[in-house]
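Asker: This is the structure, below, for whatever I ask next.
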Amino acid sequence: METNKDAYVRYDPTKENTWVKAILNGLGHKADQYYKVASQQLVTILIIVIAKKPLQSFIKDVSTNYVPVGFMNIMGNKGGVGIRLRFHESYICFVGCHLAAFTDQIDRRNQDFNEICKRLVFQHHPNPALDYVQYGWNDEGVSFLETHGVCRDWWDEASVFHSDYLIWLGDLNYRINLSEPEIKTRLRRQALDALLPYDQLLIERQAGRAFQMFEEGEIKFMPTYKFDAGTDQYDSSIKRRAPSWTDRILWKTSSATAPPLELLAYDCCMQLRLSDHKPVYAHMKAKIRHIDRSKLKEAKYTLEKMLSTSADVPGQGRISGNIIDFENVAFMEYKEHTLVLENTGQILAPFRLIPKSDETTVCPPWLLVYPKSGILGPGDKVVIHIAVMVDRTISTAFNEGVEMLATTLVIRMENVSDFFVEVTGKYQPTCFGLHLERLALMTVPITALTPNRTVQATEPIGQQATLPKELWRVLNFLWNENMLCSRTLFFEHGNRVTAEYIRRCLDTGDPFDTNRLLGTETPDDEEPVGPRSMVDILVTFLECLPEPVIPQTLYTLAIEATDSSEAMAELKERLPYIHLTVLLHLISFLQDAIRFAPEMCRVARKAQIVHMFTVLLRPPHGYKEQNPLQGQQKREQFVDCLIDESIRFIL
């Protein structure tokens, strides 16, 4: 796979196609019996699913996706790729990954795992015959997502955990917590059992910090990393990296919907010497769900007959509450309550959410309710999960006071009654998701605004407006030579806790605690996480703008301006004053960020900045790009042009 700097931000399918061809060719005379089901690549990470041709008609609903978790969650040098499919009536998900390197980066690897789980989402094709299976997927995997703030409608989408079998493999990069001499001494004695208690992945799983819901076979093979390329000798270079079991295969079975997966073999191929890793393989056996269509038809007929027979018999039911108050809800904060719906009668009672009489949807976009429908037998209960989260796609209306956290859910239980549930909350406004025009006119932090002091984004704004104070605080923190000469800035992202602290400071006007952000207690050989988290906040702030720095009405003109000085002049002329002010400050900052970068990574930093700051512009709603990859490249060319030729832009 390609490993040059450009490959980390651009997609080239050439290597992917080459690998697929090589695998099929490797099957020799049996190659004609197999076909490629799907493949997914993210820079140097590639996953391919191959199946026998006679099974092709039984493999359906194939979906692929990828998640980069390198710096700023954009770079593809680290991340995950996934393929989800339905085989007969069983759902199988395969995930390949490459997590953060280096022995001491355990927390980063755990964070990478969390990000992949949260963001790797597939299209789900609802199948009425398998609706019951979806309820069984609500196990510890889905609970993990909920506790990490993931709020989605899982009836139309599927996470990695929405499957009967989940296979996770790749270079997980977990190491052994012993020195290189100690590890090699025990390996010479073939004392693998003396090394396993120090294996980081086993430790993190047992502690519940990562992969806690997965299983793994017993490790009886030698560490698969790191070898001198072309040999069976562990690293003899000056770095002398310690041997480790970095390459692993784990699995998770949905206990409510599938029998346990049977592991037949788990080993490595020591005889292969093409890499500094030794490949690992697993041979597994799974039982696949297959619905007997004739019996399904018979059961459906029987159920419909029971329902029609009981239609005239009054039912009974109750719900555990009719008021839910989420109290204070912050931007991107996930909160959940539950209700219990119970069939206290003697007949079957289907239930479903229905819209209020004056609406067309069962709940607003800030609210997630599941399950939305089902059937309760006599005495049965169901737990209904009701969750709230205001994300960047809907935050603007809340920040400007147009939308409120208030709605009424209507749950209809057939042959019983309608249950009404009042849902309320108090949204905490944030500067994320406000128009630049409004931010520029705010003289106090947003949390200090009262409703009668609210400034509407539609008010005219003249040249007296200044750069929004929140944006200036972020730039001011980063904009000095000492900060910008950091070798990891723009190449690694910060952490969520620090980013959330910065956001609160911007909303409240509280000063930044430099001791916290600059990490005075951080070891000398590790750079503080604060500056990287500040870059995270800067990009997120720009992403959340309802109208980007380059207004959507000027998107086409901006793309043309890359190759036309006339178009560039027209763009400058038509940019609203505050948008122009913000753009000039940002470009000047980015130029200094490149100028003060360590020489060894200056070219690479510019490439990453160009890629990251395409958030300055986005196509208008409904804009159709025939080639999305080419569209992204055009946006990068525009940003690159601004950085290189900002003097021409200013003049």
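Ligands are numbered from 1 in the order shown, chains are lettered A, B, ... in the order of the structure tokens, and residues start at 1 in each chain.
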If DSSP is run on the backbone, what residues of segment 378-491 of chain A are helix (DSSP H, G or I)? A reply as a PyMOL selection string would be ideal.
Answerer: chain A and resi 395-399+436-441+446-448+451-453+469-478+481-484
Asker: So that I can check the surroundings of segment 637-647 of chain A, please list as a ChimeraX atom specification every protein, DNA and RNA residue that reaches within 10 Å of it, counting only C-alpha atoms and ignoring chain neighbours fewer than 2 positions away.
Answerer: /A:558-563,568,583-584,586-592,594,606-607,609-617,631-635,649-651
Asker: Dump N, CA, C and O atoms for the selected residues as a CSV table (one decimal), in the first residue's frame?
Answerer:
chain,number,residue,atom,x,y,z
A,558,ALA,N,-15.9,30.7,-5.8
A,558,ALA,CA,-14.7,30.4,-5.1
A,558,ALA,C,-13.9,29.3,-5.9
A,558,ALA,O,-12.6,29.4,-6.0
A,559,ILE,N,-14.6,28.3,-6.3
A,559,ILE,CA,-13.9,27.2,-7.1
A,559,ILE,C,-13.3,27.8,-8.4
A,559,ILE,O,-12.1,27.4,-8.7
A,560,GLU,N,-14.0,28.7,-9.0
A,560,GLU,CA,-13.5,29.3,-10.3
A,560,GLU,C,-12.3,30.2,-10.0
A,560,GLU,O,-11.3,30.3,-10.8
A,561,ALA,N,-12.2,30.8,-8.8
A,561,ALA,CA,-11.2,31.7,-8.4
A,561,ALA,C,-9.8,31.1,-8.3
A,561,ALA,O,-8.8,31.8,-8.3
A,562,THR,N,-9.8,29.8,-8.2
A,562,THR,CA,-8.5,29.1,-8.1
A,562,THR,C,-7.6,29.4,-9.4
A,562,THR,O,-6.4,29.5,-9.3
A,563,ASP,N,-8.3,29.4,-10.5
A,563,ASP,CA,-7.6,29.6,-11.8
A,563,ASP,C,-7.9,30.9,-12.5
A,563,ASP,O,-7.5,31.1,-13.6
A,568,MET,N,-11.3,35.8,-8.5
A,568,MET,CA,-10.8,36.0,-7.2
A,568,MET,C,-11.1,37.5,-6.7
A,568,MET,O,-11.5,37.7,-5.6
A,583,LEU,N,-11.9,35.5,7.1
A,583,LEU,CA,-11.0,34.8,6.2
A,583,LEU,C,-9.6,35.3,6.2
A,583,LEU,O,-8.6,34.5,6.2
A,584,LEU,N,-9.4,36.6,6.2
A,584,LEU,CA,-8.1,37.1,6.2
A,584,LEU,C,-7.3,36.8,7.5
A,584,LEU,O,-6.1,36.5,7.4
A,586,LEU,N,-7.8,34.1,9.3
A,586,LEU,CA,-7.5,32.7,9.3
A,586,LEU,C,-6.3,32.4,8.3
A,586,LEU,O,-5.4,31.6,8.7
A,587,ILE,N,-6.4,32.9,7.2
A,587,ILE,CA,-5.3,32.7,6.2
A,587,ILE,C,-4.0,33.2,6.7
A,587,ILE,O,-2.9,32.5,6.6
A,588,SER,N,-4.0,34.3,7.3
A,588,SER,CA,-2.7,34.9,7.9
A,588,SER,C,-2.2,33.9,9.0
A,588,SER,O,-1.0,33.6,9.1
A,589,PHE,N,-3.1,33.4,9.8
A,589,PHE,CA,-2.7,32.5,10.9
A,589,PHE,C,-2.1,31.2,10.3
A,589,PHE,O,-1.1,30.7,10.7
A,590,LEU,N,-2.8,30.7,9.3
A,590,LEU,CA,-2.3,29.4,8.6
A,590,LEU,C,-1.0,29.6,7.9
A,590,LEU,O,-0.2,28.7,7.9
A,591,GLN,N,-0.8,30.7,7.4
A,591,GLN,CA,0.5,31.0,6.8
A,591,GLN,C,1.7,30.9,7.8
A,591,GLN,O,2.7,30.4,7.6
A,592,ASP,N,1.4,31.5,9.0
A,592,ASP,CA,2.4,31.5,10.0
A,592,ASP,C,2.5,30.1,10.6
A,592,ASP,O,3.6,29.7,11.0
A,594,ILE,N,2.4,27.4,8.9
A,594,ILE,CA,3.3,26.7,8.0
A,594,ILE,C,4.7,27.3,8.1
A,594,ILE,O,5.7,26.5,8.1
A,606,LYS,N,1.7,21.7,5.6
A,606,LYS,CA,0.9,22.5,4.7
A,606,LYS,C,-0.2,21.6,4.0
A,606,LYS,O,-1.4,22.0,3.9
A,607,ALA,N,0.2,20.4,3.7
A,607,ALA,CA,-0.8,19.5,3.0
A,607,ALA,C,-1.9,19.2,4.0
A,607,ALA,O,-3.1,19.1,3.5
A,609,ILE,N,-3.0,21.1,6.5
A,609,ILE,CA,-3.8,22.3,6.7
A,609,ILE,C,-4.7,22.5,5.6
A,609,ILE,O,-5.9,22.9,5.7
A,610,VAL,N,-4.2,22.4,4.4
A,610,VAL,CA,-5.0,22.5,3.2
A,610,VAL,C,-6.2,21.6,3.2
A,610,VAL,O,-7.3,22.0,2.9
A,611,HIS,N,-6.0,20.4,3.6
A,611,HIS,CA,-7.1,19.4,3.7
A,611,HIS,C,-8.1,19.7,4.8
A,611,HIS,O,-9.3,19.7,4.6
A,612,MET,N,-7.6,20.1,6.0
A,612,MET,CA,-8.4,20.3,7.1
A,612,MET,C,-9.3,21.6,6.9
A,612,MET,O,-10.5,21.6,7.2
A,613,PHE,N,-8.7,22.6,6.3
A,613,PHE,CA,-9.4,23.9,6.2
A,613,PHE,C,-10.3,24.1,5.0
A,613,PHE,O,-10.7,25.2,4.6
A,614,THR,N,-10.6,23.0,4.3
A,614,THR,CA,-11.7,23.0,3.3
A,614,THR,C,-13.0,23.3,4.0
A,614,THR,O,-14.0,23.5,3.3
A,615,VAL,N,-13.0,23.3,5.4
A,615,VAL,CA,-14.3,23.6,6.1
A,615,VAL,C,-14.6,25.1,5.9
A,615,VAL,O,-15.7,25.5,6.2
A,616,LEU,N,-13.7,25.9,5.3
A,616,LEU,CA,-14.0,27.3,5.0
A,616,LEU,C,-15.1,27.4,3.9
A,616,LEU,O,-15.7,28.5,3.9
A,617,LEU,N,-15.3,26.4,3.2
A,617,LEU,CA,-16.4,26.5,2.1
A,617,LEU,C,-17.0,25.1,2.0
A,617,LEU,O,-16.4,24.1,2.2
A,631,GLY,N,-14.4,17.0,-6.3
A,631,GLY,CA,-14.9,18.2,-5.6
A,631,GLY,C,-14.1,18.5,-4.4
A,631,GLY,O,-13.8,19.7,-4.1
A,632,GLN,N,-13.7,17.5,-3.6
A,632,GLN,CA,-12.8,17.7,-2.4
A,632,GLN,C,-11.5,18.3,-2.9
A,632,GLN,O,-10.9,19.2,-2.3
A,633,GLN,N,-10.9,17.8,-4.0
A,633,GLN,CA,-9.7,18.2,-4.5
A,633,GLN,C,-9.7,19.7,-4.9
A,633,GLN,O,-8.8,20.5,-4.7
A,634,LYS,N,-10.9,20.1,-5.5
A,634,LYS,CA,-11.0,21.5,-5.9
A,634,LYS,C,-11.1,22.4,-4.7
A,634,LYS,O,-10.5,23.5,-4.8
A,635,ARG,N,-11.7,22.0,-3.6
A,635,ARG,CA,-11.8,22.8,-2.4
A,635,ARG,C,-10.4,22.9,-1.8
A,635,ARG,O,-10.0,24.0,-1.3
A,649,PHE,N,-5.0,38.3,-3.0
A,649,PHE,CA,-6.4,38.3,-2.5
A,649,PHE,C,-6.6,39.6,-1.7
A,649,PHE,O,-7.6,40.3,-1.9
A,650,ILE,N,-5.7,40.0,-0.9
A,650,ILE,CA,-5.9,41.2,-0.1
A,650,ILE,C,-5.9,42.4,-0.9
A,650,ILE,O,-6.7,43.4,-0.8
A,651,LEU,N,-4.9,42.5,-1.9
A,651,LEU,CA,-4.9,43.7,-2.8
A,651,LEU,C,-6.1,43.7,-3.7
A,651,LEU,O,-6.5,44.8,-4.0
Asker: Sorted by chain and rising residue number, which residues of segment 565-607 of chain A lie within 12 Å of segment 433-438 of chain A, and what are their closest atom pairs and distances in Å to one decimal, counting only C-alpha atoms, as a tab-separated table?
Answerer:
residue	atom	partner	partner_atom	distance
A:Pro576	CA	A:Glu437	CA	9.3
A:Tyr577	CA	A:Glu437	CA	9.3
A:Ile578	CA	A:Glu437	CA	6.7
A:His579	CA	A:Leu436	CA	7.2
A:Leu580	CA	A:Leu436	CA	10.8
A:Thr581	CA	A:Leu436	CA	10.4
A:Val582	CA	A:Leu436	CA	8.7
A:Leu583	CA	A:Leu436	CA	11.3
Asker: Could those selected residues go to a file with N, CA and C atoms, as an mmCIF file, in the first residue's frame?
Answerer:
data_model
loop_
_atom_site.group_PDB
_atom_site.id
_atom_site.type_symbol
_atom_site.label_atom_id
_atom_site.label_comp_id
_atom_site.auth_asym_id
_atom_site.auth_seq_id
_atom_site.Cartn_x
_atom_site.Cartn_y
_atom_site.Cartn_z
ATOM 1 N N PRO A 576 -19.226 39.222 2.278
ATOM 2 C CA PRO A 576 -19.674 40.125 3.345
ATOM 3 C C PRO A 576 -18.480 40.532 4.215
ATOM 4 N N TYR A 577 -18.547 41.741 4.757
ATOM 5 C CA TYR A 577 -17.391 42.298 5.455
ATOM 6 C C TYR A 577 -16.876 41.378 6.554
ATOM 7 N N ILE A 578 -17.750 40.858 7.412
ATOM 8 C CA ILE A 578 -17.285 40.040 8.532
ATOM 9 C C ILE A 578 -16.686 38.728 8.025
ATOM 10 N N HIS A 579 -17.224 38.176 6.951
ATOM 11 C CA HIS A 579 -16.678 36.943 6.368
ATOM 12 C C HIS A 579 -15.273 37.211 5.817
ATOM 13 N N LEU A 580 -15.105 38.361 5.180
ATOM 14 C CA LEU A 580 -13.790 38.729 4.661
ATOM 15 C C LEU A 580 -12.796 38.907 5.802
ATOM 16 N N THR A 581 -13.225 39.563 6.875
ATOM 17 C CA THR A 581 -12.353 39.771 8.036
ATOM 18 C C THR A 581 -11.902 38.438 8.629
ATOM 19 N N VAL A 582 -12.840 37.531 8.812
ATOM 20 C CA VAL A 582 -12.521 36.213 9.364
ATOM 21 C C VAL A 582 -11.571 35.461 8.438
ATOM 22 N N LEU A 583 -11.857 35.498 7.138
ATOM 23 C CA LEU A 583 -11.027 34.773 6.179
ATOM 24 C C LEU A 583 -9.588 35.285 6.191
#
Asker: Just how far from atom CA of Asp391 of chain A is atom CA of Tyr427 of chain A, in Å to one decimal?
Answerer: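 Atom-to-atom, atom CA of Tyr427 of chain A and atom CA of Asp391 of chain A are spaced 11.7 Å apart.
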Asker: Just the residues within 10 Å of Val20 of chain A, please, counting only C-alpha atoms, with nothing from its chain fewer than 2 positions along; format it as a PyMOL selection string.
Answerer: chain A and resi 15-18+22-26+35-36+38-39+46-50
Asker: Keeping only all heavy atoms, write the selected residues as a short mmCIF file (atom, residue, chain, number, x, y, z; two decimals), in the first residue's frame.
Answerer:
data_model
loop_
_atom_site.label_atom_id
_atom_site.label_comp_id
_atom_site.auth_asym_id
_atom_site.auth_seq_id
_atom_site.Cartn_x
_atom_site.Cartn_y
_atom_site.Cartn_z
N LYS A 15 -3.96 0.44 -5.69
CA LYS A 15 -3.43 -0.63 -4.84
C LYS A 15 -4.53 -1.57 -4.36
O LYS A 15 -4.31 -2.77 -4.23
CB LYS A 15 -2.70 -0.01 -3.64
CG LYS A 15 -1.47 0.80 -4.01
CD LYS A 15 -0.39 -0.09 -4.63
CE LYS A 15 0.86 0.72 -4.95
NZ LYS A 15 1.92 -0.12 -5.56
N GLU A 16 -5.69 -1.02 -4.10
CA GLU A 16 -6.81 -1.86 -3.68
C GLU A 16 -7.15 -2.88 -4.76
O GLU A 16 -7.30 -4.08 -4.49
CB GLU A 16 -8.02 -0.99 -3.38
CG GLU A 16 -9.28 -1.76 -3.03
CD GLU A 16 -10.46 -0.85 -2.75
OE1 GLU A 16 -10.23 0.35 -2.50
OE2 GLU A 16 -11.61 -1.33 -2.79
N ASN A 17 -7.25 -2.42 -5.99
CA ASN A 17 -7.56 -3.33 -7.09
C ASN A 17 -6.46 -4.37 -7.29
O ASN A 17 -6.72 -5.53 -7.62
CB ASN A 17 -7.77 -2.53 -8.37
CG ASN A 17 -8.95 -1.58 -8.28
OD1 ASN A 17 -9.87 -1.81 -7.51
ND2 ASN A 17 -8.93 -0.50 -9.06
N THR A 18 -5.22 -3.95 -7.08
CA THR A 18 -4.09 -4.87 -7.22
C THR A 18 -4.16 -5.99 -6.19
O THR A 18 -3.92 -7.16 -6.50
CB THR A 18 -2.75 -4.11 -7.09
OG1 THR A 18 -2.69 -3.09 -8.09
CG2 THR A 18 -1.57 -5.05 -7.24
N ALA A 22 -4.60 -9.97 -6.74
CA ALA A 22 -3.58 -10.88 -6.23
C ALA A 22 -4.20 -11.99 -5.38
O ALA A 22 -3.78 -13.15 -5.46
CB ALA A 22 -2.55 -10.11 -5.41
N ILE A 23 -5.21 -11.64 -4.57
CA ILE A 23 -5.86 -12.65 -3.72
C ILE A 23 -6.58 -13.68 -4.58
O ILE A 23 -6.46 -14.89 -4.35
CB ILE A 23 -6.84 -11.97 -2.75
CG1 ILE A 23 -6.05 -11.14 -1.72
CG2 ILE A 23 -7.70 -13.01 -2.04
CD1 ILE A 23 -6.94 -10.29 -0.84
N LEU A 24 -7.31 -13.22 -5.57
CA LEU A 24 -8.02 -14.16 -6.45
C LEU A 24 -7.03 -15.03 -7.23
O LEU A 24 -7.24 -16.23 -7.39
CB LEU A 24 -8.94 -13.40 -7.39
CG LEU A 24 -10.15 -12.71 -6.72
CD1 LEU A 24 -10.92 -11.87 -7.74
CD2 LEU A 24 -11.08 -13.74 -6.08
N ASN A 25 -5.95 -14.41 -7.69
CA ASN A 25 -4.93 -15.19 -8.40
C ASN A 25 -4.29 -16.22 -7.48
O ASN A 25 -3.89 -17.31 -7.91
CB ASN A 25 -3.87 -14.27 -8.98
CG ASN A 25 -4.38 -13.45 -10.15
OD1 ASN A 25 -5.40 -13.79 -10.75
ND2 ASN A 25 -3.68 -12.37 -10.48
N GLY A 26 -4.17 -15.86 -6.17
CA GLY A 26 -3.57 -16.78 -5.22
C GLY A 26 -4.39 -18.03 -4.97
O GLY A 26 -3.87 -19.01 -4.42
N TYR A 35 -15.58 -14.89 -5.76
CA TYR A 35 -15.77 -13.53 -6.26
C TYR A 35 -15.58 -12.55 -5.10
O TYR A 35 -15.66 -12.93 -3.92
CB TYR A 35 -17.15 -13.35 -6.88
CG TYR A 35 -18.29 -13.16 -5.89
CD1 TYR A 35 -18.85 -11.89 -5.67
CD2 TYR A 35 -18.79 -14.23 -5.15
CE1 TYR A 35 -19.88 -11.70 -4.76
CE2 TYR A 35 -19.82 -14.05 -4.23
CZ TYR A 35 -20.36 -12.79 -4.04
OH TYR A 35 -21.37 -12.59 -3.14
N LYS A 36 -15.31 -11.30 -5.45
CA LYS A 36 -15.17 -10.27 -4.43
C LYS A 36 -16.54 -9.75 -4.04
O LYS A 36 -17.27 -9.19 -4.85
CB LYS A 36 -14.30 -9.11 -4.94
CG LYS A 36 -14.03 -8.05 -3.86
CD LYS A 36 -13.39 -6.79 -4.42
CE LYS A 36 -14.46 -5.86 -4.98
NZ LYS A 36 -13.94 -4.50 -5.28
N ALA A 38 -16.97 -7.40 -1.50
CA ALA A 38 -16.78 -5.96 -1.29
C ALA A 38 -15.37 -5.73 -0.78
O ALA A 38 -14.70 -6.65 -0.29
CB ALA A 38 -17.79 -5.40 -0.29
N SER A 39 -14.92 -4.50 -0.90
CA SER A 39 -13.63 -4.09 -0.33
C SER A 39 -13.74 -2.64 0.09
O SER A 39 -14.57 -1.90 -0.42
CB SER A 39 -12.49 -4.28 -1.34
OG SER A 39 -12.70 -3.46 -2.48
N LEU A 46 -6.77 -1.84 4.38
CA LEU A 46 -7.62 -2.43 3.34
C LEU A 46 -8.27 -3.69 3.86
O LEU A 46 -7.61 -4.54 4.47
CB LEU A 46 -6.79 -2.75 2.09
CG LEU A 46 -7.50 -3.52 0.96
CD1 LEU A 46 -8.66 -2.72 0.39
CD2 LEU A 46 -6.51 -3.87 -0.14
N ILE A 47 -9.58 -3.80 3.66
CA ILE A 47 -10.29 -5.01 4.02
C ILE A 47 -11.04 -5.52 2.79
O ILE A 47 -11.61 -4.73 2.04
CB ILE A 47 -11.26 -4.78 5.20
CG1 ILE A 47 -11.83 -6.11 5.70
CG2 ILE A 47 -12.37 -3.81 4.83
CD1 ILE A 47 -12.56 -5.99 7.03
N ILE A 48 -10.99 -6.82 2.58
CA ILE A 48 -11.60 -7.44 1.40
C ILE A 48 -12.39 -8.67 1.86
O ILE A 48 -11.88 -9.47 2.65
CB ILE A 48 -10.54 -7.88 0.37
CG1 ILE A 48 -9.66 -6.68 -0.04
CG2 ILE A 48 -11.21 -8.49 -0.85
CD1 ILE A 48 -8.44 -7.08 -0.84
N VAL A 49 -13.60 -8.82 1.38
CA VAL A 49 -14.40 -10.01 1.66
C VAL A 49 -14.56 -10.81 0.37
O VAL A 49 -15.02 -10.28 -0.64
CB VAL A 49 -15.78 -9.63 2.23
CG1 VAL A 49 -16.66 -10.88 2.35
CG2 VAL A 49 -15.64 -8.97 3.59
N ILE A 50 -14.13 -12.05 0.42
CA ILE A 50 -14.21 -12.97 -0.72
C ILE A 50 -15.18 -14.09 -0.36
O ILE A 50 -15.19 -14.56 0.77
CB ILE A 50 -12.82 -13.57 -1.03
CG1 ILE A 50 -11.79 -12.47 -1.28
CG2 ILE A 50 -12.90 -14.53 -2.22
CD1 ILE A 50 -11.98 -11.71 -2.56
#
Asker: What lies within 12 Å of Ala397 of chain A using only C-alpha atoms, ignoring chain neighbours under 6 positions off, as a PyMOL selection string?
Answerer: chain A and resi 365-366+390-391+403-405+427+429-430+432-435+456-457+545-546
Asker: Which one is closest to Lys426 of chain A: A:Ile203, A:Ile446, A:Ala597, A:Val388? Count only C-alpha atoms.
Answerer: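 Looking only at the distances to Lys426 of chain A, the closest residue turns out to be A:Val388.
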Asker: Please, what distance in Å, to one decimal, runs between atom CA of Gly80 of chain A and atom CA of His277 of chain A?
Answerer: 18.5 Å
Asker: Let me make sure I understand: among A:Asp153, A:Lys239, A:Lys252, A:Ser417, which one has the smallest atom-to-atom distance to Cys363 of chain A if we use only C-alpha atoms?
Answerer: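 Once distances to Cys363 of chain A are computed over only C-alpha atoms, the minimum belongs to A:Asp153.
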Asker: Identify, with DSSP run on backbone atoms, the residues in segment 219-355 of chain A assigned to strand (DSSP E or B), and express the list as number ranges by chain.
Answerer: A: 225, 227, 234, 244, 247-253, 262-268, 277, 280-285, 317-319, 323-329, 335-343, 349-354
Asker: For those residues, write C-alpha atoms to a file as a short mmCIF file (atom, residue, chain, number, x, y, z; two decimals), in the first residue's frame.
Answerer:
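Saved result, out.cif, follows:
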data_model
loop_
_atom_site.label_atom_id
_atom_site.label_comp_id
_atom_site.auth_asym_id
_atom_site.auth_seq_id
_atom_site.Cartn_x
_atom_site.Cartn_y
_atom_site.Cartn_z
CA TYR A 225 6.10 -7.49 15.61
CA PHE A 227 11.03 -8.13 12.58
CA TYR A 234 13.30 -9.40 15.81
CA SER A 244 4.73 -7.44 20.76
CA ASP A 247 -1.69 -7.96 15.19
CA ARG A 248 -4.89 -9.45 16.56
CA ILE A 249 -8.27 -10.90 15.61
CA LEU A 250 -11.20 -10.55 17.99
CA TRP A 251 -14.90 -11.20 17.70
CA LYS A 252 -18.22 -10.37 19.31
CA THR A 253 -21.41 -12.40 19.12
CA GLU A 262 -16.61 -21.32 17.26
CA LEU A 263 -12.88 -20.64 16.87
CA LEU A 264 -11.13 -23.49 15.05
CA ALA A 265 -7.65 -21.97 14.68
CA TYR A 266 -5.75 -18.83 15.72
CA ASP A 267 -2.12 -18.56 14.67
CA CYS A 268 0.45 -16.57 12.70
CA HIS A 277 4.99 -7.88 10.86
CA VAL A 280 -2.15 -13.52 11.80
CA TYR A 281 -5.08 -15.69 10.74
CA ALA A 282 -8.18 -17.14 12.38
CA HIS A 283 -10.45 -19.95 11.23
CA MET A 284 -13.99 -19.57 12.59
CA LYS A 285 -17.29 -21.39 12.35
CA GLY A 317 -52.05 -1.27 29.41
CA ARG A 318 -50.03 1.26 31.34
CA ILE A 319 -46.89 3.33 31.07
CA ILE A 323 -43.34 13.50 31.95
CA ILE A 324 -39.64 13.49 31.08
CA ASP A 325 -37.49 16.48 32.02
CA PHE A 326 -33.93 16.38 30.71
CA GLU A 327 -33.18 19.58 32.66
CA ASN A 328 -30.03 21.36 31.37
CA VAL A 329 -28.79 20.05 28.00
CA LYS A 335 -28.89 12.30 27.85
CA GLU A 336 -31.29 9.40 28.12
CA HIS A 337 -34.39 8.44 30.08
CA THR A 338 -36.45 5.27 29.90
CA LEU A 339 -40.12 4.42 30.20
CA VAL A 340 -41.73 1.02 30.64
CA LEU A 341 -44.79 0.20 28.55
CA GLU A 342 -46.76 -2.79 29.83
CA ASN A 343 -49.60 -4.87 28.45
CA ALA A 349 -51.30 -5.40 21.99
CA PRO A 350 -49.28 -3.89 19.11
CA PHE A 351 -47.82 -0.48 19.90
CA ARG A 352 -46.23 2.29 17.83
CA LEU A 353 -45.31 5.94 17.99
CA ILE A 354 -47.61 8.17 15.95
#
Asker: Please provide as a PyMOL selection string all residues within 9 Å of segment 483-494 of chain A, with the sequence filter that same-chain residues fewer than 4 positions apart are discarded (counting only C-alpha atoms).
Answerer: chain A and resi 69-73+75+477-479+498-499+527-536+592-598+600-601+604-605+608-609+612
Asker: What does the distance between atom CA of Leu187 of chain A and atom CA of Ser275 of chain A come to in Å, to one decimal place?
Answerer: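 If I compute the distance from atom CA of Leu187 of chain A to atom CA of Ser275 of chain A, I get 20.4 Å.
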Asker: Within 12 Å of Asp292 of chain A, counting only C-alpha atoms, which residues qualify if same-chain residues fewer than 4 places away don't, as a PyMOL selection string?
Answerer: chain A and resi 88-89+129+296-299
